[in-house]
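Note: the block below is query29.cif and it holds mmCIF, C-alpha atoms.
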data_input
#
loop_
_atom_site.group_PDB
_atom_site.id
_atom_site.type_symbol
_atom_site.label_atom_id
_atom_site.label_comp_id
_atom_site.auth_asym_id
_atom_site.auth_seq_id
_atom_site.Cartn_x
_atom_site.Cartn_y
_atom_site.Cartn_z
ATOM 1 C CA MET A 1 -154.397 -63.972 -170.811
ATOM 2 C CA PRO A 2 -157.279 -63.080 -173.159
ATOM 3 C CA VAL A 3 -160.307 -61.183 -171.882
ATOM 4 C CA PHE A 4 -163.317 -63.415 -172.491
ATOM 5 C CA ARG A 5 -166.498 -62.225 -174.196
ATOM 6 C CA LEU A 6 -169.622 -63.549 -172.519
ATOM 7 C CA SER A 7 -172.484 -65.101 -174.448
ATOM 8 C CA ARG A 8 -176.195 -65.091 -173.603
ATOM 9 C CA GLU A 9 -175.679 -68.245 -171.573
ATOM 10 C CA ILE A 10 -175.028 -67.487 -167.907
ATOM 11 C CA LEU A 11 -171.528 -68.905 -167.672
ATOM 12 C CA PHE A 12 -168.202 -67.394 -166.606
ATOM 13 C CA PRO A 13 -164.620 -68.438 -167.343
ATOM 14 C CA ASP A 14 -162.371 -69.718 -164.566
ATOM 15 C CA PRO A 15 -161.289 -66.724 -162.421
ATOM 16 C CA SER A 16 -157.686 -67.967 -162.560
ATOM 17 C CA LEU A 17 -157.679 -66.866 -166.217
ATOM 18 C CA ALA A 18 -158.151 -63.197 -165.312
ATOM 19 C CA GLU A 19 -155.670 -60.522 -166.369
ATOM 20 C CA ASP A 20 -153.072 -59.352 -163.846
ATOM 21 C CA ASP A 21 -155.367 -56.460 -162.873
ATOM 22 C CA GLY A 22 -158.256 -58.867 -162.287
ATOM 23 C CA LEU A 23 -160.205 -58.218 -165.505
ATOM 24 C CA LEU A 24 -161.785 -61.500 -166.619
ATOM 25 C CA ALA A 25 -164.611 -60.941 -169.086
ATOM 26 C CA VAL A 26 -166.657 -58.423 -171.021
ATOM 27 C CA GLY A 27 -170.290 -58.355 -172.081
ATOM 28 C CA GLY A 28 -173.309 -60.257 -170.894
ATOM 29 C CA ASP A 29 -176.015 -58.472 -168.953
ATOM 30 C CA LEU A 30 -176.946 -57.351 -165.446
ATOM 31 C CA SER A 31 -179.778 -59.811 -164.894
ATOM 32 C CA PRO A 32 -180.197 -61.060 -161.305
ATOM 33 C CA GLY A 33 -179.248 -64.590 -162.309
ATOM 34 C CA ARG A 34 -175.993 -63.519 -163.944
ATOM 35 C CA ILE A 35 -174.947 -61.198 -161.122
ATOM 36 C CA LEU A 36 -175.655 -63.811 -158.446
ATOM 37 C CA ARG A 37 -173.807 -66.447 -160.470
ATOM 38 C CA ALA A 38 -170.860 -64.067 -160.730
ATOM 39 C CA TYR A 39 -170.684 -63.468 -156.976
ATOM 40 C CA ALA A 40 -170.933 -67.196 -156.303
ATOM 41 C CA GLU A 41 -167.848 -67.691 -158.487
ATOM 42 C CA GLY A 42 -165.839 -64.821 -156.957
ATOM 43 C CA ILE A 43 -166.539 -62.395 -159.813
ATOM 44 C CA PHE A 44 -168.185 -58.951 -159.783
ATOM 45 C CA PRO A 45 -169.215 -56.291 -162.346
ATOM 46 C CA TRP A 46 -167.385 -52.961 -162.378
ATOM 47 C CA PHE A 47 -167.418 -50.564 -165.314
ATOM 48 C CA ASN A 48 -167.764 -46.869 -166.082
ATOM 49 C CA GLU A 49 -170.546 -45.128 -167.952
ATOM 50 C CA GLY A 50 -170.127 -45.601 -171.693
ATOM 51 C CA SER A 51 -168.078 -48.780 -171.214
ATOM 52 C CA PRO A 52 -169.268 -52.320 -171.911
ATOM 53 C CA ILE A 53 -170.010 -54.450 -168.847
ATOM 54 C CA LEU A 54 -166.713 -55.626 -167.350
ATOM 55 C CA TRP A 55 -166.328 -58.549 -164.926
ATOM 56 C CA TRP A 56 -163.458 -58.809 -162.439
ATOM 57 C CA SER A 57 -161.822 -61.301 -160.088
ATOM 58 C CA PRO A 58 -158.736 -59.660 -158.556
ATOM 59 C CA ASP A 59 -155.801 -61.437 -156.946
ATOM 60 C CA PRO A 60 -155.220 -60.846 -154.067
ATOM 61 C CA ARG A 61 -158.704 -60.271 -152.655
ATOM 62 C CA LEU A 62 -159.455 -57.879 -149.792
ATOM 63 C CA VAL A 63 -161.659 -59.495 -147.141
ATOM 64 C CA LEU A 64 -162.796 -58.792 -143.604
ATOM 65 C CA LEU A 65 -163.519 -61.528 -141.100
ATOM 66 C CA PRO A 66 -166.187 -60.148 -138.739
ATOM 67 C CA GLU A 67 -164.186 -61.057 -135.642
ATOM 68 C CA GLU A 68 -161.234 -59.029 -136.976
ATOM 69 C CA LEU A 69 -163.110 -55.720 -137.244
ATOM 70 C CA HIS A 70 -160.987 -52.934 -135.770
ATOM 71 C CA VAL A 71 -162.909 -50.116 -134.098
ATOM 72 C CA SER A 72 -160.626 -47.229 -133.187
ATOM 73 C CA ALA A 73 -160.991 -45.425 -129.871
ATOM 74 C CA SER A 74 -162.422 -42.336 -131.605
ATOM 75 C CA LEU A 75 -164.934 -44.403 -133.580
ATOM 76 C CA ALA A 76 -165.968 -46.249 -130.425
ATOM 77 C CA ARG A 77 -166.614 -42.882 -128.727
ATOM 78 C CA THR A 78 -168.769 -41.740 -131.643
ATOM 79 C CA MET A 79 -170.784 -44.947 -131.441
ATOM 80 C CA ARG A 80 -171.249 -44.642 -127.671
ATOM 81 C CA ARG A 81 -172.499 -41.064 -128.057
ATOM 82 C CA GLY A 82 -175.225 -42.248 -130.402
ATOM 83 C CA THR A 83 -174.299 -39.601 -132.942
ATOM 84 C CA TYR A 84 -175.924 -41.663 -135.683
ATOM 85 C CA ARG A 85 -178.947 -43.932 -135.760
ATOM 86 C CA VAL A 86 -178.231 -46.998 -137.904
ATOM 87 C CA THR A 87 -180.861 -48.950 -139.826
ATOM 88 C CA ALA A 88 -180.902 -51.697 -142.437
ATOM 89 C CA ASP A 89 -182.854 -51.895 -145.697
ATOM 90 C CA VAL A 90 -184.719 -48.636 -145.075
ATOM 91 C CA ALA A 91 -183.290 -46.564 -147.960
ATOM 92 C CA PHE A 92 -181.512 -48.930 -150.363
ATOM 93 C CA GLY A 93 -181.910 -46.802 -153.476
ATOM 94 C CA GLN A 94 -180.942 -43.646 -151.619
ATOM 95 C CA VAL A 95 -177.761 -45.320 -150.343
ATOM 96 C CA MET A 96 -176.802 -46.467 -153.840
ATOM 97 C CA ARG A 97 -177.309 -42.979 -155.208
ATOM 98 C CA GLY A 98 -175.333 -41.518 -152.324
ATOM 99 C CA CYS A 99 -172.458 -43.841 -153.207
ATOM 100 C CA ALA A 100 -172.772 -42.919 -156.881
ATOM 101 C CA HIS A 101 -172.504 -39.189 -156.182
ATOM 102 C CA SER A 102 -169.727 -39.448 -153.599
ATOM 103 C CA ALA A 103 -166.438 -37.875 -154.694
ATOM 104 C CA ARG A 104 -163.524 -40.338 -154.574
ATOM 105 C CA SER A 105 -159.822 -39.519 -154.678
ATOM 106 C CA GLY A 106 -158.267 -40.284 -158.058
ATOM 107 C CA GLN A 107 -161.599 -41.086 -159.723
ATOM 108 C CA SER A 108 -163.729 -39.084 -162.107
ATOM 109 C CA GLY A 109 -167.316 -40.063 -162.791
ATOM 110 C CA THR A 110 -168.884 -43.121 -161.226
ATOM 111 C CA TRP A 111 -169.180 -46.840 -161.892
ATOM 112 C CA ILE A 112 -172.565 -46.897 -160.125
ATOM 113 C CA THR A 113 -174.470 -46.067 -163.308
ATOM 114 C CA ASP A 114 -178.240 -46.076 -163.796
ATOM 115 C CA PRO A 115 -178.180 -49.661 -165.168
ATOM 116 C CA MET A 116 -176.217 -50.785 -162.083
ATOM 117 C CA ILE A 117 -178.691 -49.044 -159.772
ATOM 118 C CA GLU A 118 -181.611 -50.706 -161.545
ATOM 119 C CA ALA A 119 -179.932 -54.123 -161.365
ATOM 120 C CA TYR A 120 -179.122 -53.917 -157.659
ATOM 121 C CA GLU A 121 -182.521 -52.489 -156.775
ATOM 122 C CA GLU A 122 -183.982 -55.613 -158.371
ATOM 123 C CA LEU A 123 -181.626 -57.768 -156.271
ATOM 124 C CA HIS A 124 -182.847 -55.811 -153.261
ATOM 125 C CA ARG A 125 -186.466 -56.570 -154.151
ATOM 126 C CA LEU A 126 -185.514 -60.235 -154.432
ATOM 127 C CA GLY A 127 -183.998 -60.133 -150.941
ATOM 128 C CA TYR A 128 -180.325 -60.552 -151.893
ATOM 129 C CA ALA A 129 -179.022 -56.960 -151.824
ATOM 130 C CA HIS A 130 -179.050 -54.983 -148.585
ATOM 131 C CA SER A 131 -178.176 -51.549 -147.279
ATOM 132 C CA PHE A 132 -177.151 -50.120 -143.930
ATOM 133 C CA GLU A 133 -177.933 -46.464 -143.262
ATOM 134 C CA ALA A 134 -176.589 -43.930 -140.750
ATOM 135 C CA TRP A 135 -179.034 -41.115 -139.940
ATOM 136 C CA THR A 136 -179.020 -37.802 -138.144
ATOM 137 C CA GLY A 137 -182.674 -37.148 -137.484
ATOM 138 C CA ASP A 138 -184.416 -37.783 -140.799
ATOM 139 C CA SER A 139 -181.320 -36.997 -142.882
ATOM 140 C CA LEU A 140 -179.189 -39.753 -144.399
ATOM 141 C CA ALA A 141 -175.627 -39.116 -143.244
ATOM 142 C CA GLY A 142 -173.959 -42.150 -144.830
ATOM 143 C CA GLY A 143 -174.284 -45.812 -145.556
ATOM 144 C CA LEU A 144 -173.212 -48.868 -147.502
ATOM 145 C CA TYR A 145 -174.713 -51.646 -149.565
ATOM 146 C CA GLY A 146 -173.848 -55.116 -150.782
ATOM 147 C CA VAL A 147 -175.085 -58.586 -151.663
ATOM 148 C CA SER A 148 -175.600 -61.529 -149.318
ATOM 149 C CA LEU A 149 -175.163 -65.144 -150.394
ATOM 150 C CA GLY A 150 -174.823 -68.028 -147.974
ATOM 151 C CA GLY A 151 -172.327 -67.174 -145.247
ATOM 152 C CA ALA A 152 -170.703 -64.385 -147.277
ATOM 153 C CA PHE A 153 -171.506 -60.702 -147.750
ATOM 154 C CA PHE A 154 -170.123 -58.910 -150.807
ATOM 155 C CA GLY A 155 -169.636 -55.259 -149.932
ATOM 156 C CA GLU A 156 -170.033 -52.928 -152.896
ATOM 157 C CA SER A 157 -169.667 -49.301 -151.831
ATOM 158 C CA MET A 158 -170.093 -46.845 -148.969
ATOM 159 C CA PHE A 159 -170.405 -43.087 -148.603
ATOM 160 C CA SER A 160 -170.444 -40.391 -145.924
ATOM 161 C CA GLU A 161 -172.047 -36.983 -145.837
ATOM 162 C CA ARG A 162 -170.886 -36.405 -142.254
ATOM 163 C CA PRO A 163 -167.768 -37.441 -140.281
ATOM 164 C CA ASP A 164 -167.547 -41.166 -139.482
ATOM 165 C CA ALA A 165 -171.110 -41.874 -140.679
ATOM 166 C CA SER A 166 -170.115 -44.684 -143.030
ATOM 167 C CA LYS A 167 -167.690 -46.101 -140.441
ATOM 168 C CA VAL A 168 -170.459 -46.295 -137.846
ATOM 169 C CA ALA A 169 -172.789 -47.934 -140.365
ATOM 170 C CA PHE A 170 -170.021 -50.352 -141.346
ATOM 171 C CA ALA A 171 -169.239 -51.323 -137.749
ATOM 172 C CA ARG A 172 -172.928 -51.926 -137.037
ATOM 173 C CA SER A 173 -173.285 -53.901 -140.260
ATOM 174 C CA VAL A 174 -170.376 -56.175 -139.350
ATOM 175 C CA ASP A 175 -171.916 -56.902 -135.956
ATOM 176 C CA TYR A 176 -175.257 -57.708 -137.577
ATOM 177 C CA LEU A 177 -173.669 -59.879 -140.265
ATOM 178 C CA ARG A 178 -171.770 -61.835 -137.629
ATOM 179 C CA ARG A 179 -175.008 -62.447 -135.700
ATOM 180 C CA ILE A 180 -176.816 -63.851 -138.743
ATOM 181 C CA GLY A 181 -173.992 -66.238 -139.577
ATOM 182 C CA VAL A 182 -171.876 -64.344 -142.117
ATOM 183 C CA GLU A 183 -168.257 -65.433 -141.731
ATOM 184 C CA LEU A 184 -166.580 -63.445 -144.523
ATOM 185 C CA ILE A 185 -167.107 -59.961 -145.941
ATOM 186 C CA ASP A 186 -165.707 -59.469 -149.433
ATOM 187 C CA CYS A 187 -164.215 -55.990 -149.786
ATOM 188 C CA GLN A 188 -162.919 -56.723 -153.324
ATOM 189 C CA VAL A 189 -159.804 -54.552 -153.718
ATOM 190 C CA ARG A 190 -157.471 -52.895 -151.244
ATOM 191 C CA THR A 191 -158.232 -49.486 -149.813
ATOM 192 C CA GLU A 192 -156.381 -48.109 -146.818
ATOM 193 C CA HIS A 193 -159.717 -47.048 -145.304
ATOM 194 C CA LEU A 194 -160.871 -50.685 -145.137
ATOM 195 C CA VAL A 195 -157.477 -51.960 -144.040
ATOM 196 C CA ARG A 196 -157.650 -49.616 -141.038
ATOM 197 C CA LEU A 197 -161.020 -51.214 -140.200
ATOM 198 C CA GLY A 198 -159.428 -54.667 -140.128
ATOM 199 C CA ALA A 199 -159.634 -55.922 -143.714
ATOM 200 C CA ARG A 200 -156.703 -57.864 -145.151
ATOM 201 C CA GLU A 201 -155.657 -59.321 -148.482
ATOM 202 C CA ILE A 202 -155.686 -63.056 -149.160
ATOM 203 C CA PRO A 203 -154.810 -65.005 -152.333
ATOM 204 C CA ARG A 204 -157.697 -65.393 -154.774
ATOM 205 C CA LEU A 205 -157.506 -69.195 -154.593
ATOM 206 C CA GLN A 206 -157.894 -69.075 -150.801
ATOM 207 C CA PHE A 207 -160.831 -66.693 -151.185
ATOM 208 C CA LEU A 208 -162.543 -68.971 -153.714
ATOM 209 C CA GLU A 209 -162.065 -72.067 -151.568
ATOM 210 C CA ARG A 210 -163.502 -70.299 -148.525
ATOM 211 C CA LEU A 211 -166.365 -68.897 -150.571
ATOM 212 C CA ASP A 212 -167.255 -72.357 -151.857
ATOM 213 C CA ASP A 213 -167.602 -73.581 -148.266
ATOM 214 C CA LEU A 214 -169.688 -70.581 -147.189
ATOM 215 C CA LEU A 215 -172.157 -70.910 -150.051
ATOM 216 C CA GLY A 216 -173.312 -74.146 -148.456
ATOM 217 C CA SER A 217 -175.021 -72.083 -145.754
ATOM 218 C CA PRO A 218 -178.539 -70.724 -146.375
ATOM 219 C CA SER A 219 -178.864 -67.139 -147.589
ATOM 220 C CA VAL A 220 -180.698 -64.814 -145.184
ATOM 221 C CA ARG A 221 -183.051 -63.156 -147.665
ATOM 222 C CA GLY A 222 -185.754 -60.563 -147.198
ATOM 223 C CA LYS A 223 -185.703 -57.256 -145.378
ATOM 224 C CA TRP A 224 -183.112 -56.980 -142.621
ATOM 225 C CA ASP A 225 -183.919 -55.167 -139.366
ATOM 226 C CA LEU A 226 -181.504 -53.848 -136.741
ATOM 227 C CA THR A 227 -184.232 -53.191 -134.176
ATOM 228 C CA PRO A 228 -183.211 -54.921 -130.887
ATOM 229 C CA GLY A 229 -185.098 -58.137 -130.310
ATOM 230 C CA THR A 230 -185.907 -58.770 -133.969
ATOM 231 C CA THR A 231 -184.632 -61.729 -135.984
ATOM 232 C CA PRO A 232 -183.894 -61.838 -139.724
#

Kindly transcribe the structure held in the file into structure tokens.
Amino acid sequence: MPVFRLSREILFPDPSLAEDDGLLAVGGDLSPGRILRAYAEGIFPWFNEGSPILWWSPDPRLVLLPEELHVSASLARTMRRGTYRVTADVAFGQVMRGCAHSARSGQSGTWITDPMIEAYEELHRLGYAHSFEAWTGDSLAGGLYGVSLGGAFFGESMFSERPDASKVAFARSVDYLRRIGVELIDCQVRTEHLVRLGAREIPRLQFLERLDDLLGSPSVRGKWDLTPGTTP
């Protein structure tokens, strides 16, 4: 299959036309409208510094259904101890930069470039992108961020500075997402870390059909708050 070159018009090719590795298109921009359109069609940007903007729609797709979250006995103990305090939308930019600087096995450099940070910070200001933070005192120990549309949450990246910090933030985020009506968390591509937390692969067509249904639900925009007794 050819890799499509995007024009100024905010349109994407059919995801079924993607390469075997999921690469679908090149070019375009990182405007809020284009990124949100991409997510709504099961597509996401992912490219390294110095590369043109690349757009992907892998098959299969790694997803987590909130009710299938697996919390290990050791992680449950850490959560009961209150080792970390978890918040939402308190330090979005700091979480993104933590993810950008996190060392990852088999990867050199980062795909969370300055243009990506600027683009997602704008989505955060618009109420679509959200972060979950794990703290020890006033120090950020880990966290994750992603984009919310309808009944779906598109997880982008997570990082840890201390043991299990991102796992605790992830578990708390899944509980919160379930409570506000999110029925599917897109984890994009397989990692054993996410599989151990309950994520599983499904065919792209199944993912797209489910996503289409979930986008009929309203998006919960604005600042999220994990404080007990608050509502989104």

Output of the PyMOL selection byres ((chain A and resi 6-15) around 10), listed as a ChimeraX atom specification: /A:3-5,16-19,22-29,31,33-35,37-38,41-43,53-59,204-205,208

Top pick for closest residue to Ala88 in chain A, considering A:Ile117, A:Leu215, A:Ala169, A:Ala152 and counting only C-alpha atoms: A:Ala169

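The interatomic distance for the pair CA of Tyr176 in chain A and CA of Pro60 in chain A works out to 26.1 Å.
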
Residues within 10 Å of Leu126 in chain A, only C-alpha atoms, excluding chain neighbours under 4 positions, as a ChimeraX atom specification: /A:32,120-122,221-223

Which residues would end up in the selection if the PyMOL selection byres ((chain A and resi 146) around 9) were applied here, given that I need the answer as a JSON list (two decimals) with C-alpha atoms, in the frame of the given file?
[["chain", "number", "residue", "atom", "x", "y", "z"],
["A", 120, "TYR", "CA", -179.12, -53.92, -157.66],
["A", 128, "TYR", "CA", -180.32, -60.55, -151.89],
["A", 129, "ALA", "CA", -179.02, -56.96, -151.82],
["A", 130, "HIS", "CA", -179.05, -54.98, -148.58],
["A", 131, "SER", "CA", -178.18, -51.55, -147.28],
["A", 144, "LEU", "CA", -173.21, -48.87, -147.50],
["A", 145, "TYR", "CA", -174.71, -51.65, -149.56],
["A", 147, "VAL", "CA", -175.08, -58.59, -151.66],
["A", 148, "SER", "CA", -175.60, -61.53, -149.32],
["A", 153, "PHE", "CA", -171.51, -60.70, -147.75],
["A", 154, "PHE", "CA", -170.12, -58.91, -150.81],
["A", 155, "GLY", "CA", -169.64, -55.26, -149.93],
["A", 156, "GLU", "CA", -170.03, -52.93, -152.90],
["A", 157, "SER", "CA", -169.67, -49.30, -151.83]]

Evaluate the PyMOL selection byres ((chain A and resi 115) around 12) and report residues as number ranges by chain: A: 29-31, 45-53, 96, 100, 111-114, 116-122

Near range 196-201 of chain A, 10 Å: range 14-109 of chain A residue rows, closest pairs, all atoms listed in the file, as JSON lines:
{"residue": "A:Asp59", "atom": "CA", "partner": "A:Glu201", "partner_atom": "CA", "distance": 8.7}
{"residue": "A:Pro60", "atom": "CA", "partner": "A:Glu201", "partner_atom": "CA", "distance": 5.8}
{"residue": "A:Arg61", "atom": "CA", "partner": "A:Glu201", "partner_atom": "CA", "distance": 5.3}
{"residue": "A:Leu62", "atom": "CA", "partner": "A:Glu201", "partner_atom": "CA", "distance": 4.3}
{"residue": "A:Val63", "atom": "CA", "partner": "A:Ala199", "partner_atom": "CA", "distance": 5.3}
{"residue": "A:Leu64", "atom": "CA", "partner": "A:Ala199", "partner_atom": "CA", "distance": 4.3}
{"residue": "A:Leu65", "atom": "CA", "partner": "A:Ala199", "partner_atom": "CA", "distance": 7.3}
{"residue": "A:Pro66", "atom": "CA", "partner": "A:Gly198", "partner_atom": "CA", "distance": 8.8}
{"residue": "A:Glu67", "atom": "CA", "partner": "A:Gly198", "partner_atom": "CA", "distance": 9.1}
{"residue": "A:Glu68", "atom": "CA", "partner": "A:Gly198", "partner_atom": "CA", "distance": 5.7}
{"residue": "A:Leu69", "atom": "CA", "partner": "A:Gly198", "partner_atom": "CA", "distance": 4.8}
{"residue": "A:His70", "atom": "CA", "partner": "A:Leu197", "partner_atom": "CA", "distance": 4.8}
{"residue": "A:Val71", "atom": "CA", "partner": "A:Leu197", "partner_atom": "CA", "distance": 6.5}
{"residue": "A:Ser72", "atom": "CA", "partner": "A:Leu197", "partner_atom": "CA", "distance": 8.1}

Surrounding residues of Ser219 in chain A excluding itself and chain neighbours under 4 positions, 7 Å, all atoms listed in the file, as a ChimeraX atom specification: /A:148-151

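Of the listed residues A:Val189, A:Val220, A:Ala91, A:Leu140, the one whose atoms come nearest to Ser160 in chain A is A:Leu140, with distances taken using all atoms listed in the file.
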
Neighbour residues at most 10 Å from (-168.1, -41.2, -140.7) (all atoms listed in the file) as JSON, numbers by chain: {"A": [75, 78, 84, 134, 141, 142, 143, 159, 160, 161, 162, 163, 164, 165, 166, 167, 168, 169, 170]}

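In this model, the gap between CA of Pro218 in chain A and CA of Arg125 in chain A comes to 18.0 Å.
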
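Rounded to one decimal, CA of Ser173 in chain A and CA of Phe132 in chain A lie 6.5 Å from each other.
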
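Nearest-residue note for Gly93 in chain A: choosing from A:His124, A:Met79, A:Val182, A:Leu36, the minimum distance belongs to A:His124, counting all atoms listed in the file.
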
Counting only C-alpha atoms, the option among A:Ala40, A:Leu177, A:Ala73, A:Ala171 closest to Leu194 in chain A: A:Ala171

Given only C-alpha atoms as the counted atoms, nearest of A:Pro2, A:Gly216, A:Gly137, A:Gly181 to Val86 in chain A: A:Gly137

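Using all atoms listed in the file, the shortest contact distance between Ser217 in chain A and any of A:Thr191, A:Asp20, A:Val90, A:Glu183 is found at A:Glu183.
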